[in-house]
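**Q** Sharing entry.txt, compact mmCIF, C-alpha atoms and all ligand atoms:
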```
# COMPACT_ATOMS: atom_id res chain seq x y z
CA MET F 1 80.07 117.42 89.64
CA THR F 2 81.14 115.81 92.90
CA THR F 3 78.73 114.33 95.41
CA PRO F 4 79.49 115.38 99.01
CA ILE F 5 78.98 112.68 101.65
CA ARG F 6 80.01 112.19 105.27
CA THR F 7 81.06 109.45 107.67
CA GLN F 8 82.76 109.25 111.06
CA VAL F 9 85.90 107.33 110.06
CA CYS F 10 87.22 106.99 106.52
CA ILE F 11 89.51 104.01 105.96
CA ILE F 12 91.71 103.66 102.89
CA GLY F 13 92.49 100.03 101.98
CA ALA F 14 90.60 96.74 102.39
CA GLY F 15 93.42 94.49 103.58
CA PRO F 16 93.30 92.83 106.99
CA ALA F 17 93.98 96.18 108.74
CA GLY F 18 91.24 98.25 107.08
CA LEU F 19 88.59 95.53 107.12
CA LEU F 20 89.14 94.55 110.75
CA LEU F 21 89.13 98.18 111.85
CA SER F 22 85.86 98.81 110.06
CA HIS F 23 84.35 95.69 111.66
CA LEU F 24 85.48 96.57 115.21
CA LEU F 25 84.24 100.16 114.82
CA HIS F 26 80.87 98.87 113.64
CA LEU F 27 80.56 96.68 116.75
CA ASN F 28 81.03 99.85 118.78
CA GLY F 29 78.41 101.78 116.84
CA ILE F 30 80.98 103.86 114.93
CA GLU F 31 80.33 104.36 111.22
CA SER F 32 83.12 103.97 108.64
CA VAL F 33 83.61 103.75 104.90
CA VAL F 34 86.40 101.60 103.42
CA ILE F 35 87.78 102.79 100.07
CA GLU F 36 89.68 100.13 98.12
CA ALA F 37 91.37 100.51 94.75
CA ARG F 38 91.26 96.83 93.79
CA SER F 39 88.40 94.41 93.12
CA ARG F 40 86.90 92.12 95.76
CA ASP F 41 88.25 89.09 93.85
CA TYR F 42 91.77 90.51 93.85
CA CYS F 43 91.68 91.24 97.59
CA GLU F 44 90.39 87.75 98.37
CA ALA F 45 92.88 85.92 96.16
CA ARG F 46 96.24 87.38 97.26
CA VAL F 47 98.28 84.56 98.82
CA ARG F 48 100.23 85.88 101.77
CA ALA F 49 101.40 84.66 105.19
CA GLY F 50 99.31 82.36 107.30
CA VAL F 51 100.18 82.43 110.98
CA LEU F 52 97.87 84.06 113.55
CA GLU F 53 99.14 84.92 117.01
CA GLN F 54 96.99 83.95 119.98
CA GLY F 55 95.81 87.58 120.38
CA SER F 56 94.79 87.76 116.70
CA VAL F 57 92.75 84.56 117.02
CA ASP F 58 91.18 85.93 120.22
CA ILE F 59 90.07 89.24 118.69
CA LEU F 60 88.65 87.53 115.59
CA THR F 61 86.78 85.04 117.78
CA GLU F 62 85.52 87.62 120.29
CA SER F 63 84.28 89.85 117.48
CA GLY F 64 82.21 87.05 115.93
CA LEU F 65 84.61 85.95 113.16
CA GLY F 66 85.78 82.69 114.69
CA GLU F 67 83.39 80.23 113.08
CA ARG F 68 85.37 79.08 110.00
CA LEU F 69 88.66 79.92 111.72
CA SER F 70 87.96 77.44 114.53
CA ARG F 71 86.87 74.78 112.01
CA GLU F 72 89.60 75.15 109.37
CA GLY F 73 92.44 76.87 111.26
CA LEU F 74 95.22 74.56 112.43
CA ARG F 75 96.14 75.27 116.05
CA HIS F 76 99.84 74.64 116.74
CA THR F 77 101.18 74.38 120.26
CA GLY F 78 104.80 74.36 119.11
CA PHE F 79 107.22 74.90 116.22
CA GLU F 80 110.64 73.53 115.33
CA MET F 81 114.04 75.14 114.86
CA HIS F 82 116.24 72.99 112.62
CA PHE F 83 120.05 73.22 112.37
CA ARG F 84 122.99 70.81 111.99
CA GLY F 85 120.42 68.34 110.61
CA GLN F 86 118.47 68.18 113.87
CA ARG F 87 115.20 69.61 115.10
CA HIS F 88 114.59 71.41 118.38
CA ARG F 89 110.99 71.96 119.45
CA ILE F 90 109.76 75.20 121.00
CA ALA F 91 106.76 74.17 123.10
CA LEU F 92 104.70 77.36 122.81
CA ASP F 93 101.89 76.36 125.17
CA GLU F 94 104.13 75.09 127.97
CA LEU F 95 106.40 78.15 127.79
CA THR F 96 103.65 80.78 127.62
CA GLY F 97 100.95 79.51 129.95
CA GLY F 98 98.79 77.81 127.34
CA LYS F 99 99.10 80.11 124.31
CA ALA F 100 99.46 78.86 120.74
CA ILE F 101 99.42 80.04 117.12
CA THR F 102 96.90 79.15 114.40
CA VAL F 103 97.75 78.48 110.77
CA TYR F 104 95.03 80.14 108.67
CA GLY F 105 95.80 81.94 105.39
CA GLN F 106 95.63 85.72 105.36
CA GLN F 107 93.28 85.58 102.38
CA GLU F 108 90.90 83.44 104.42
CA VAL F 109 90.86 86.13 107.13
CA VAL F 110 90.19 88.71 104.41
CA LYS F 111 87.33 86.62 102.93
CA ASP F 112 85.70 86.22 106.36
CA LEU F 113 86.01 89.95 107.07
CA ILE F 114 84.58 90.99 103.71
CA ALA F 115 81.64 88.58 104.03
CA ARG F 116 80.86 89.88 107.50
CA ARG F 117 81.18 93.57 106.57
CA ILE F 118 78.80 93.02 103.66
CA ALA F 119 76.35 91.03 105.85
CA ASP F 120 76.38 93.96 108.32
CA GLN F 121 75.68 96.40 105.46
CA GLY F 122 79.13 97.90 105.90
CA GLN F 123 80.39 100.15 103.13
CA VAL F 124 83.41 98.60 101.43
CA LEU F 125 83.91 100.37 98.12
CA PHE F 126 85.95 98.05 95.90
CA ASP F 127 87.20 99.26 92.50
CA SER F 128 87.49 102.88 93.64
CA SER F 129 89.78 105.09 91.56
CA ASP F 130 91.48 108.49 91.71
CA VAL F 131 91.68 108.29 95.49
CA SER F 132 93.22 111.39 97.09
CA VAL F 133 93.46 112.54 100.68
CA HIS F 134 93.06 116.16 101.84
CA ASN F 135 93.14 118.45 104.89
CA VAL F 136 94.55 115.93 107.37
CA GLU F 137 96.09 118.77 109.38
CA THR F 138 92.68 120.43 109.86
CA ASP F 139 89.54 119.41 111.78
CA SER F 140 87.78 118.43 108.56
CA PRO F 141 89.79 115.82 106.64
CA MET F 142 88.35 114.68 103.34
CA VAL F 143 88.88 112.01 100.68
CA ARG F 144 88.08 112.36 96.99
CA TYR F 145 87.49 109.26 94.91
CA GLN F 146 85.51 107.87 92.00
CA HIS F 147 83.21 104.90 92.45
CA GLY F 148 80.75 103.45 89.93
CA GLY F 149 81.39 106.38 87.59
CA ILE F 150 80.55 109.02 90.22
CA ALA F 151 83.02 111.42 91.86
CA TYR F 152 82.64 111.71 95.63
CA GLU F 153 83.98 114.00 98.32
CA LEU F 154 83.82 112.13 101.62
CA SER F 155 84.26 114.24 104.78
CA CYS F 156 85.04 112.51 108.07
CA ASP F 157 86.22 113.04 111.65
CA TYR F 158 89.27 110.80 111.21
CA LEU F 159 91.08 109.23 108.33
CA VAL F 160 92.94 105.92 108.64
CA GLY F 161 95.58 104.85 106.12
CA CYS F 162 95.42 101.04 105.88
CA ASP F 163 96.62 101.21 102.30
CA GLY F 164 99.73 99.04 102.56
CA PHE F 165 103.35 99.83 101.88
CA HIS F 166 102.75 101.43 98.46
CA GLY F 167 99.70 103.43 99.54
CA ILE F 168 99.14 107.18 99.43
CA CYS F 169 98.47 107.97 103.09
CA ARG F 170 101.99 107.81 104.52
CA ARG F 171 102.97 110.48 101.98
CA GLN F 172 100.57 112.93 103.67
CA ILE F 173 103.00 113.23 106.55
CA PRO F 174 105.41 116.09 105.69
CA SER F 175 109.02 115.02 105.21
CA SER F 176 110.03 117.45 108.00
CA VAL F 177 107.96 115.30 110.41
CA LEU F 178 108.25 111.80 108.96
CA LYS F 179 111.14 109.59 110.00
CA THR F 180 111.68 106.25 108.27
CA TYR F 181 113.86 103.30 109.22
CA ASP F 182 114.63 100.84 106.47
CA ARG F 183 116.62 97.66 105.88
CA VAL F 184 116.56 95.62 102.71
CA TYR F 185 118.05 92.16 103.15
CA PRO F 186 120.45 90.65 100.58
CA PHE F 187 118.14 87.69 99.85
CA SER F 188 114.50 86.79 99.14
CA TRP F 189 112.22 83.81 99.68
CA LEU F 190 110.87 81.60 96.93
CA GLY F 191 107.55 80.26 98.25
CA ILE F 192 105.45 77.40 96.92
CA LEU F 193 102.11 75.78 97.64
CA ALA F 194 102.23 72.03 96.97
CA GLU F 195 99.43 69.48 96.82
CA ALA F 196 101.07 67.23 99.37
CA ALA F 197 100.01 66.29 102.87
CA PRO F 198 102.26 68.08 105.40
CA ALA F 199 104.83 65.46 106.43
CA GLN F 200 105.07 67.04 109.88
CA HIS F 201 102.33 68.72 111.88
CA GLU F 202 104.28 71.82 112.96
CA LEU F 203 106.30 74.57 111.24
CA ILE F 204 110.04 74.07 110.77
CA TYR F 205 112.48 77.01 110.48
CA ALA F 206 115.73 75.62 109.05
CA HIS F 207 119.26 77.00 109.15
CA HIS F 208 121.45 75.44 106.46
CA GLU F 209 124.77 76.37 104.88
CA ARG F 210 122.98 76.43 101.48
CA GLY F 211 120.45 78.92 102.86
CA PHE F 212 117.31 79.13 104.98
CA ALA F 213 114.23 76.98 104.39
CA LEU F 214 110.78 76.96 105.97
CA PHE F 215 108.26 74.17 106.16
CA SER F 216 104.67 75.32 106.70
CA MET F 217 101.19 74.29 105.61
CA ARG F 218 97.73 75.55 104.73
CA SER F 219 95.54 72.48 105.29
CA PRO F 220 95.85 68.74 105.85
CA LYS F 221 96.35 68.41 102.08
CA ILE F 222 98.48 71.47 101.24
CA THR F 223 102.11 72.08 102.22
CA ARG F 224 103.61 75.60 102.08
CA LEU F 225 107.39 75.74 101.65
CA TYR F 226 110.01 78.44 101.22
CA VAL F 227 113.70 78.49 100.28
CA GLN F 228 116.09 81.41 100.58
CA CYS F 229 117.11 82.63 97.12
CA ALA F 230 118.97 85.60 95.61
CA ASN F 231 117.25 89.00 95.31
CA ASP F 232 117.57 88.95 91.52
CA ASP F 233 116.37 85.34 91.27
CA ARG F 234 113.20 84.47 89.35
CA ALA F 235 110.65 81.74 89.99
CA GLU F 236 111.29 80.41 86.45
CA ASN F 237 114.90 79.62 87.46
CA TRP F 238 113.56 77.06 89.90
CA SER F 239 112.35 73.89 88.19
CA ASP F 240 110.23 71.60 90.35
CA ASP F 241 113.12 69.13 90.54
CA ARG F 242 115.57 71.78 91.68
CA LEU F 243 113.14 73.03 94.33
CA TRP F 244 112.37 69.62 95.82
CA ASN F 245 116.04 68.74 95.81
CA GLU F 246 116.94 71.93 97.67
CA LEU F 247 114.05 71.58 100.13
CA THR F 248 115.01 68.00 100.83
CA ILE F 249 118.64 68.94 101.52
CA ARG F 250 117.86 71.98 103.67
CA LEU F 251 114.98 70.48 105.67
CA GLY F 252 116.02 66.82 105.79
CA THR F 253 117.04 65.41 109.18
CA LYS F 254 119.78 62.96 110.12
CA GLU F 255 117.01 60.45 110.86
CA GLY F 256 115.85 60.62 107.24
CA TRP F 257 112.76 62.87 107.49
CA VAL F 258 112.02 64.79 104.27
CA PRO F 259 108.96 66.80 103.18
CA ASN F 260 106.30 65.05 101.10
CA ILE F 261 106.53 65.89 97.41
CA GLY F 262 103.48 66.80 95.30
CA PRO F 263 102.33 68.98 92.38
CA ILE F 264 103.31 72.65 92.85
CA ILE F 265 100.20 74.83 92.45
CA GLN F 266 101.69 78.25 93.18
CA LYS F 267 105.19 79.73 93.07
CA GLY F 268 106.29 83.27 93.98
CA ILE F 269 109.18 85.36 95.25
CA THR F 270 108.89 87.45 98.44
CA PRO F 271 111.43 90.21 99.04
CA MET F 272 112.70 90.69 102.59
CA ARG F 273 112.53 94.09 104.19
CA SER F 274 112.29 95.78 107.58
CA PHE F 275 110.65 99.22 107.49
CA VAL F 276 109.10 101.51 110.09
CA CYS F 277 107.74 105.02 109.75
CA ALA F 278 107.16 107.36 112.65
CA PRO F 279 104.90 108.94 113.69
CA MET F 280 101.92 106.70 112.97
CA ARG F 281 99.61 109.66 113.47
CA HIS F 282 99.67 113.10 111.88
CA GLY F 283 96.80 115.49 112.60
CA ARG F 284 93.60 113.55 111.90
CA LEU F 285 95.38 110.87 109.88
CA PHE F 286 96.30 107.55 111.50
CA LEU F 287 98.36 104.81 109.84
CA ALA F 288 97.92 101.10 110.56
CA GLY F 289 99.48 97.89 109.20
CA ASP F 290 101.81 97.76 106.21
CA ALA F 291 101.19 101.47 105.49
CA ALA F 292 103.42 102.17 108.51
CA HIS F 293 105.68 99.14 108.80
CA ILE F 294 107.00 96.06 107.01
CA VAL F 295 108.70 93.02 108.51
CA PRO F 296 110.55 90.19 106.81
CA PRO F 297 108.29 87.12 107.01
CA THR F 298 110.66 85.08 109.20
CA GLY F 299 108.79 85.80 112.43
CA ALA F 300 105.30 85.58 110.85
CA LYS F 301 104.48 89.01 112.27
CA GLY F 302 103.15 91.02 109.26
CA MET F 303 99.43 90.38 109.61
CA ASN F 304 99.62 90.23 113.40
CA LEU F 305 101.13 93.70 113.67
CA ALA F 306 98.36 94.99 111.41
CA VAL F 307 95.83 93.39 113.79
CA SER F 308 97.41 94.81 116.95
CA ASP F 309 97.58 98.35 115.47
CA VAL F 310 93.89 98.09 114.73
CA ILE F 311 93.02 96.77 118.19
CA VAL F 312 94.74 99.80 119.75
CA LEU F 313 93.13 102.23 117.30
CA SER F 314 89.61 100.82 117.66
CA ARG F 315 89.88 101.04 121.47
CA ALA F 316 91.07 104.64 121.15
CA MET F 317 88.16 105.52 118.86
CA GLU F 318 85.66 103.78 121.13
CA MET F 319 87.00 105.86 124.05
CA PHE F 320 86.55 109.02 122.02
CA TYR F 321 83.12 108.35 120.52
CA LYS F 322 81.56 106.84 123.65
CA ARG F 323 83.11 109.06 126.33
CA GLY F 324 84.57 112.04 124.50
CA ASN F 325 87.99 111.06 125.86
CA THR F 326 90.87 111.70 123.43
CA ARG F 327 93.58 110.06 125.56
CA GLY F 328 93.62 106.85 123.50
CA LEU F 329 93.93 108.76 120.23
CA GLU F 330 96.79 110.75 121.73
CA ARG F 331 98.53 107.59 122.96
CA TYR F 332 98.02 105.57 119.74
CA ASN F 333 101.36 106.49 118.20
CA ASP F 334 103.42 105.55 121.27
CA ILE F 335 101.60 102.34 122.11
CA ALA F 336 101.34 101.03 118.55
CA LEU F 337 104.94 101.95 117.69
CA ARG F 338 106.45 100.33 120.77
CA ARG F 339 104.79 97.04 119.92
CA VAL F 340 105.73 97.42 116.25
CA TRP F 341 109.39 97.84 117.19
CA LYS F 342 109.29 94.66 119.27
CA GLY F 343 107.80 92.78 116.31
CA GLU F 344 110.50 94.32 114.09
CA ARG F 345 113.20 93.20 116.50
CA PHE F 346 111.93 89.63 116.63
CA SER F 347 111.57 89.37 112.82
CA TRP F 348 115.03 90.87 112.30
CA HIS F 349 116.54 88.51 114.89
CA MET F 350 114.94 85.38 113.40
CA THR F 351 116.04 86.56 109.93
CA SER F 352 119.62 87.25 111.08
CA MET F 353 119.94 83.98 112.97
CA LEU F 354 118.63 81.71 110.20
CA HIS F 355 119.81 83.02 106.79
CA THR F 356 123.16 82.92 105.03
CA PHE F 357 124.42 86.45 104.30
CA PRO F 358 126.79 87.14 101.37
CA GLU F 359 129.17 89.02 103.68
CA HIS F 360 129.29 86.21 106.24
CA ASP F 361 132.46 84.25 106.94
CA PRO F 362 132.88 80.99 108.88
CA PHE F 363 133.02 82.98 112.14
CA HIS F 364 129.53 84.37 111.51
CA GLU F 365 128.20 80.91 110.77
CA GLN F 366 129.54 79.66 114.11
CA MET F 367 127.95 82.66 115.85
CA GLN F 368 124.58 81.73 114.30
CA LEU F 369 124.94 78.11 115.36
CA ALA F 370 125.94 79.11 118.91
CA GLU F 371 122.94 81.44 119.04
CA LEU F 372 120.63 78.67 117.83
CA ASP F 373 122.16 76.30 120.40
CA TYR F 374 121.53 78.88 123.12
CA TYR F 375 117.96 79.79 122.11
CA THR F 376 116.88 76.18 121.80
CA GLY F 377 119.01 74.72 124.61
CA SER F 378 118.00 76.89 127.57
CA VAL F 379 114.54 77.41 129.04
CA ALA F 380 115.18 81.17 129.05
CA GLY F 381 116.08 81.08 125.33
CA ARG F 382 113.08 78.96 124.38
CA THR F 383 110.77 81.17 126.46
CA ALA F 384 112.07 84.29 124.69
CA LEU F 385 111.32 82.73 121.29
CA ALA F 386 107.94 81.40 122.41
CA GLU F 387 106.55 84.58 123.97
CA ASN F 388 107.51 86.60 120.92
CA TYR F 389 106.13 83.99 118.53
CA VAL F 390 102.68 83.73 120.16
CA GLY F 391 102.58 87.54 120.38
CA LEU F 392 103.52 90.07 123.05
CA PRO F 393 100.78 91.75 125.10
CA ILE F 394 99.15 94.99 123.98
CA GLU F 395 99.64 97.93 126.39
CA GLU F 396 96.64 99.69 127.91
CA PHE F 397 96.27 103.47 127.47
N1 LIG W 401 93.43 103.71 97.36
C1 LIG W 401 92.67 102.68 97.82
N2 LIG W 401 93.20 101.51 98.23
C2 LIG W 401 94.52 101.36 98.18
C3 LIG W 401 95.38 102.40 97.72
C4 LIG W 401 94.77 103.61 97.28
N3 LIG W 401 95.50 104.64 96.83
N4 LIG W 401 96.65 101.96 97.78
C5 LIG W 401 96.61 100.71 98.27
N5 LIG W 401 95.32 100.32 98.51
C6 LIG W 401 94.84 99.05 99.04
C7 LIG W 401 95.50 97.84 98.41
O1 LIG W 401 94.90 97.50 97.17
C8 LIG W 401 95.29 96.78 99.47
O2 LIG W 401 94.10 96.04 99.27
O3 LIG W 401 95.16 98.95 100.39
C9 LIG W 401 95.19 97.57 100.77
C10 LIG W 401 96.34 97.31 101.72
O4 LIG W 401 96.26 95.99 102.19
P1 LIG W 401 97.53 95.14 102.67
O5 LIG W 401 98.67 95.40 101.75
O6 LIG W 401 97.06 93.75 102.85
O7 LIG W 401 97.94 95.81 104.07
P2 LIG W 401 97.40 95.61 105.54
O8 LIG W 401 95.92 95.58 105.61
O9 LIG W 401 98.17 96.57 106.37
O10 LIG W 401 97.85 94.13 105.93
C11 LIG W 401 99.14 93.79 106.28
O11 LIG W 401 99.59 92.29 104.51
O12 LIG W 401 101.58 92.34 103.25
C12 LIG W 401 100.87 91.70 104.23
O13 LIG W 401 102.55 90.78 105.61
C13 LIG W 401 101.60 91.80 105.48
O14 LIG W 401 100.22 90.31 106.57
C14 LIG W 401 100.51 91.69 106.45
C15 LIG W 401 99.37 92.38 105.88
C1 LIG W 402 103.44 80.69 105.86
O1 LIG W 402 102.84 79.65 106.19
O2 LIG W 402 103.20 81.27 104.78
C2 LIG W 402 104.43 81.27 106.78
C3 LIG W 402 104.62 80.69 108.02
C4 LIG W 402 105.58 81.21 108.89
C5 LIG W 402 106.33 82.31 108.50
C6 LIG W 402 106.13 82.91 107.26
C7 LIG W 402 105.19 82.39 106.40
O3 LIG W 402 107.26 82.79 109.35
```
Show me, as structure tokens, the structure contained in the file I just sent.
Ligand code: APR
Ligand code: PHB

**A**
Amino acid sequence: MTTPIRTQVCIIGAGPAGLLLSHLLHLNGIESVVIEARSRDYCEARVRAGVLEQGSVDILTESGLGERLSREGLRHTGFEMHFRGQRHRIALDELTGGKAITVYGQQEVVKDLIARRIADQGQVLFDSSDVSVHNVETDSPMVRYQHGGIAYELSCDYLVGCDGFHGICRRQIPSSVLKTYDRVYPFSWLGILAEAAPAQHELIYAHHERGFALFSMRSPKITRLYVQCANDDRAENWSDDRLWNELTIRLGTKEGWVPNIGPIIQKGITPMRSFVCAPMRHGRLFLAGDAAHIVPPTGAKGMNLAVSDVIVLSRAMEMFYKRGNTRGLERYNDIALRRVWKGERFSWHMTSMLHTFPEHDPFHEQMQLAELDYYTGSVAGRTALAENYVGLPIEEF
């Protein structure tokens, strides 16, 4: 026995993409159901990136989700590029007419979104199972799933795959239509959270002959740090002593600055990949966020691209439901993809400029250093980094 139900927009996945879309649709009077395979606790606990572009902060704030973000988020008006033992500041606000980034963990964004969706009586169905997607090429798409021991058949006008890289929605696009672009990098990041006050108030991206390192933070008491490691490396291979030693060497300056050391409370390896699928729409199925694209974390673009996809899609749906105009829905693929590719380019460039590659020789290293000299030494170079880092504008339909 299956129970037939109906909604306007069915969203698969309760990550930042699916939750924000559901919230923005609700503000426009559009009904949605979010189907999520995992538990609420699991979704709220996943530690991921933590940098919000100016546009991401703006949309969260404008849509009523800025309260804790403005209190606990750390607004940064610059970041540092570090090479040859010296730091070079990129003054984001001065170079972009007052824009900045905000450090606020992705799981905090997810917690705020879930709390708000529940307060607004939104339907977020955690712990759903046997989720399958049907009829996306017809006018009546449908999702089957089990929830609370009951089998449902949910019909909708549109279906949105926000189900991450390993989700089921991208697979609905026939291989004759789907084109994928993929690059797996020959290194990973080992990331830690340490109970230590950040020894510097802005992020530091470090180029070093021993490999890349990143200094970041989560709060005035928690430092977030990463070191480049091998793809087959394991967190257990990195004792606390080895990690602090490596971080100190890679991030330390000629003037003697080193990160503060403290107890390590979380350790994990992040693989590095660039991936894009096109199109991001097939029939009545739309893809948003990691379901359609992955970036290496070097540009801090992952969550921000998910947010910008959803901004474009929610505007398109508003245009359709309020005015019967399908132009936005028709333009979604082009507009979202163009911005995605620019985010991909920036993440790939930052990754290429800052890491050591196994195939690199001394010539390559000099090319990286010359590139870093150029991008930090000229106003044009710094502006290019800054405008990408705070987030490029979103095109209108
Ligand atoms: N049915 C239901 N839910 C599913 C299914 C399925 N078959 N497959 C995956 N999901 C859920 C996952 O459990 C997850 O909660 O979809 C959600 C996808 O969320 P995210 O992976 O967080 O993806 P997205 O919302 O696009 O956010 C992108 O996540 O990986 C980071 O760097 C990335 O910051 C970026 C952000
Ligand atoms: C983080 O704080 O986790 C972080 C910051 C910047 C990045 C990637 C990750 O580019």

**Q** Determine the nearest neighbour of ligand LIG 401 (chain W) from the options F:His26, F:His166, F:Lys179, F:Arg87, counting only C-alpha atoms and all ligand atoms.

**A** F:His166

**Q** Against ligand LIG 401 (chain W), which residues of chain F fall within 8 Å? For each one I want the closest pair of atoms and the distance in Å (one decimal), counting all atoms listed in the file, rows by chain and increasing residue number, as a tab-separated table.

**A**
```
residue	atom	partner	partner_atom	distance
F:Ile12	CA	W:LIG401	C1	5.3
F:Gly13	CA	W:LIG401	O3	3.3
F:Ala14	CA	W:LIG401	O2	4.7
F:Gly15	CA	W:LIG401	O8	3.4
F:Pro16	CA	W:LIG401	O8	4.0
F:Ala17	CA	W:LIG401	O8	3.7
F:Gly18	CA	W:LIG401	O8	5.6
F:Leu19	CA	W:LIG401	O8	7.5
F:Ile35	CA	W:LIG401	C1	5.4
F:Glu36	CA	W:LIG401	N2	3.8
F:Ala37	CA	W:LIG401	C1	4.0
F:Arg38	CA	W:LIG401	O1	5.0
F:Cys43	CA	W:LIG401	O2	5.6
F:Arg48	CA	W:LIG401	C12	6.4
F:Ala49	CA	W:LIG401	O14	5.9
F:Gln106	CA	W:LIG401	O14	6.6
F:Ser128	CA	W:LIG401	C1	6.7
F:Ser129	CA	W:LIG401	N1	7.0
F:Asp130	CA	W:LIG401	N3	7.6
F:Val131	CA	W:LIG401	N1	5.2
F:Ser132	CA	W:LIG401	N3	7.1
F:Cys162	CA	W:LIG401	O9	5.3
F:Asp163	CA	W:LIG401	O3	3.3
F:Gly164	CA	W:LIG401	O5	3.9
F:Phe165	CA	W:LIG401	O5	6.4
F:His166	CA	W:LIG401	N4	6.2
F:Gly167	CA	W:LIG401	N4	3.8
F:Ile168	CA	W:LIG401	N3	5.1
F:Cys169	CA	W:LIG401	N3	7.7
F:Ala288	CA	W:LIG401	O9	6.2
F:Gly289	CA	W:LIG401	O9	3.4
F:Asp290	CA	W:LIG401	O9	3.8
F:Ala291	CA	W:LIG401	O9	5.8
F:Ala292	CA	W:LIG401	O9	8.0
F:Ile294	CA	W:LIG401	O13	7.0
F:Val295	CA	W:LIG401	O13	7.2
F:Pro297	CA	W:LIG401	O13	7.0
F:Ala300	CA	W:LIG401	O13	7.9
F:Lys301	CA	W:LIG401	O13	7.2
F:Gly302	CA	W:LIG401	O13	3.7
F:Met303	CA	W:LIG401	O14	3.1
F:Asn304	CA	W:LIG401	O14	6.9
F:Leu305	CA	W:LIG401	C14	7.5
F:Ala306	CA	W:LIG401	O9	5.3
```

**Q** Residues contacting ligand LIG 402 (chain W) - anything with an atom at most 6 Å away, using only C-alpha atoms and all ligand atoms - can you give me those as a list of chain:residue names?

**A** F:Ala49, F:Gly50, F:Val51, F:Ser216, F:Met217, F:Arg224, F:Pro297, F:Thr298, F:Gly299, F:Ala300

**Q** Any idea what the distance is between CA of Asn260 in chain F and CA of Met353 in chain F?

**A** 26.2 Å

**Q** Counting all atoms listed in the file, I want the residues whose atoms come within 12 Å of (116.5, 67.1, 119.1) in the file frame, returned as a list in words.

**A** Glu80, Met81, His82, Phe83, Arg84, Gly85, Gln86, Arg87, His88, Arg89, Ile90, Thr253, Lys254, Glu255, Asp373, Thr376 and Gly377 of chain F

**Q** Can you list every residue of range 153-200 of chain F that has an atom at most 12 Å from range 333-352 of chain F, with its nearest atom pair and the distance in Å to one decimal, using only C-alpha atoms, ordered by chain then number, as a tab-separated table?

**A**
```
residue	atom	partner	partner_atom	distance
F:Tyr181	CA	F:Trp341	CA	10.6
F:Asp182	CA	F:Glu344	CA	10.8
F:Arg183	CA	F:Trp348	CA	9.5
F:Val184	CA	F:Trp348	CA	10.8
F:Tyr185	CA	F:Thr351	CA	9.0
F:Pro186	CA	F:Ser352	CA	11.1
F:Phe187	CA	F:Thr351	CA	10.4
F:Ser188	CA	F:Thr351	CA	10.9
F:Trp189	CA	F:Thr351	CA	11.3
```

**Q** Given 5 Å on each side, where is the centre and what are the edge lengths in Å to one decimal of the axis-aligned box enclosing the listed atoms of range 359-372 of chain F, as lines of an AutoDock Vina configuration file?

**A**
```
center_x = 126.8
center_y = 83.6
center_z = 111.4
size_x = 22.4
size_y = 20.9
size_z = 25.4
```

**Q** Given the choices F:Tyr104, F:Tyr152, F:Trp238, F:Phe212, which gets closest to Tyr226 in chain F if the distance is worked out from only C-alpha atoms?

**A**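 Smallest distance to Tyr226 in chain F is found for F:Phe212.
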
**Q** Please report the interatomic distance between CA of Thr356 in chain F and CA of Tyr389 in chain F in Å with one decimal.

**A**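 Answer for the CA of Thr356 in chain F to CA of Tyr389 in chain F separation: 21.8 Å.
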
**Q** May I ask which of the residues F:Arg331, F:Glu387, F:Gly256, F:Asp232 is the closest one to Glu53 in chain F, counting all atoms listed in the file?

**A**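 Using all atoms listed in the file, Glu53 in chain F sits closest to F:Glu387.
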
**Q** Residues proximal to (92.9, 114.7, 108.6) were defined as those with any atom within 8 Å of that point in the file's coordinates, counting only C-alpha atoms. Which are they, as a ChimeraX atom specification?

**A** /F:134-142,157-159,282-285
